[in-house]
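Just below is one structure, and these are the notes that go with it.
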Amino acid sequence: MALAVNRTGTIFKKCDRSNHKPDSNKRCATSTCQHTCDNPERCAHAWTLRYWLNGKQVEKSFKDTTHPTTGRVNYGSGKKLAQDWQLKTTVDKRSGDIAFADHGKSGKQNFGEACEAYISRQQVSENSRYHYVSSYRAYVKPVFGNLTLAQVARDRDGVTELLTVTMKHLSNTPRQQARRVIIGTCDEAVKAGRLSKHNLADIELADHGPKKRHSDFVFPSYEQVKFVADGGINPDSKRAVGGAGLSVWLMRGCGLRIEEALGACREDFIEDGAVLRVMWQASWDGKRREPLTHRKAGEYRDVPVPSWLWATVKDLPDGPLMPGLGGKTFQRYGTIYFRFMRAAEVAGIPDGFTPHSLRHAFASAMLARGVQITELAHFLGHRDINVTHQVYGHLLPSAAKRAVAALDAEFAEWSES
């Protein structure tokens, strides 16, 4: 049996022309009122819920939503949101708990819910979103998930301890992801009026990356890499082991990231196969291509293609080089990563070897044969050459040794003249 509830407050539109009363309202008489719409049910103005809270009259606005694909306005959806809020307000008042009625700037919203909402609204690729969700669920949620926004916003020591002590053993990336989720959620809450302020903004993280910076600089033999690509028979179990396919050679030959390799298509090769235009990467689920991480749609980089790789690709039909299964356009990241790591283990490749190791091998081959590090930075897609120096600077000849050799050669030539 449904329970009838006399709801708190009034829902209306301030633009409703039917409320225009020039005889009794001075603003209406002077045409400075908001009563401008003859059909408020289908106008662009927001619905307003006016109610009393803690002895004060407050208002909350609800705009009609739009369809995420077509952009068409869902007329009446704002009114439905206002009615939902009105019902919650009524129930909270009757239960004696007015906190649910309007958190205002009290920060009583659950921090875990706010974090998940923040991540879902970020304009990032699905792959990046997956990593943010993973870092949140593994490290942030167990500590702060059941607290309120206000509690986390005040707990500078707790947030600092999580990022610099609890997560100290991790690389810089997951710690920065956790930091962005925590501080970004609080920043968004302040802007939305759900939190008055927070004191977490200037928490800085030391980059512990150099300790493990080169742990994935593992360069196996050609035969081992070939096994990772093609698969084979496990000599111990006598069972077949799947390979990671052409993505292996795209990473080794062109320095692509694994998502970029999975999203590569035959038509991306230009200039008679001498150049690969990298503009897309495969989505995490393999259903589509999406812009490169931290890049806008349409941004790209051109990468040189070795002749041996072009010989492998040139006779393939247009379309994905790593076509997916079961209706997927591309191979799923998780599937290929599992195959890659399993084949690497069977091939006897040392610990530390990952798909990114092939990208390192590409960079190492370039530098060893005289390619300038500025050019390498472009091929790798590094916007900041300092990143390239930090990762691959140890592969460059010592600047001091180069200078000594140059001075010695100059002196020998000069002294004998």
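Each chain in the structure tokens gets a letter, A, B and so on, in the order shown; residues start at 1 in every chain, and ligands are counted from 1 in the order they appear.
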
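The environment of Met251 in chain A within 7 Å, counting only C-alpha atoms and disregarding residues fewer than 6 places along the same chain, consists of Arg257, Ile258, Ala261, Leu358 and Arg359 of chain A.
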
To test your reading of the structure, identify every residue in range 56-193 of chain A that backbone DSSP assigns to strand (DSSP E), and report it as a JSON list (two decimals) with N, CA, C and O atoms, in the first residue's frame.
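Produced file selection05.json, reproduced below:
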[["chain", "number", "residue", "atom", "x", "y", "z"],
["A", 56, "LYS", "N", 14.92, 29.02, 8.03],
["A", 56, "LYS", "CA", 15.20, 29.93, 6.92],
["A", 56, "LYS", "C", 14.56, 29.40, 5.65],
["A", 56, "LYS", "O", 14.51, 28.19, 5.42],
["A", 57, "GLN", "N", 14.08, 30.32, 4.82],
["A", 57, "GLN", "CA", 13.54, 29.92, 3.53],
["A", 57, "GLN", "C", 14.68, 29.79, 2.53],
["A", 57, "GLN", "O", 15.49, 30.71, 2.36],
["A", 58, "VAL", "N", 14.76, 28.63, 1.90],
["A", 58, "VAL", "CA", 15.84, 28.38, 0.94],
["A", 58, "VAL", "C", 15.23, 27.94, -0.39],
["A", 58, "VAL", "O", 14.08, 27.51, -0.45],
["A", 59, "GLU", "N", 16.03, 28.05, -1.44],
["A", 59, "GLU", "CA", 15.60, 27.64, -2.77],
["A", 59, "GLU", "C", 16.67, 26.75, -3.39],
["A", 59, "GLU", "O", 17.87, 26.92, -3.13],
["A", 60, "LYS", "N", 16.22, 25.81, -4.20],
["A", 60, "LYS", "CA", 17.14, 24.94, -4.93],
["A", 60, "LYS", "C", 16.62, 24.80, -6.34],
["A", 60, "LYS", "O", 15.41, 24.59, -6.54],
["A", 61, "SER", "N", 17.51, 24.94, -7.34],
["A", 61, "SER", "CA", 17.11, 24.92, -8.75],
["A", 61, "SER", "C", 17.45, 23.59, -9.41],
["A", 61, "SER", "O", 18.46, 22.96, -9.07],
["A", 62, "PHE", "N", 16.62, 23.19, -10.36],
["A", 62, "PHE", "CA", 16.80, 21.92, -11.08],
["A", 62, "PHE", "C", 16.51, 22.15, -12.56],
["A", 62, "PHE", "O", 15.37, 22.43, -12.95]]

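Residues surrounding Ala264 in chain A within 8 Å are Glu260, Ala261, Leu262, Arg266, Asp268, Val278, Trp280, Gln281, Ala282, Pro320, Leu321 and Met322 of chain A [only C-alpha atoms; sequence separation below 2 positions excluded].
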
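For the atom pair formed by CA of Pro355 in chain A and CA of Gly243 in chain A, the distance is 12.5 Å, given to one decimal.
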
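Take CA of His131 in chain A and CA of Asp155 in chain A: the distance between them is 24.5 Å.
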
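By only C-alpha atoms, and with residues fewer than 5 positions from Arg17 in chain A along its chain excluded, the set lying at most 10 Å from it is Cys33, Gln34, His35, Thr36, Cys37, Asp38, Asn39 and Pro40 of chain A.
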
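Residue nearest Arg129 in chain A, chosen from A:His294, A:Lys314, A:Lys26, A:Arg289 and counting only C-alpha atoms: A:His294.
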
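Our summary of the geometry notes that CA of Gly193 in chain A is positioned 13.7 Å from CA of Ala153 in chain A.
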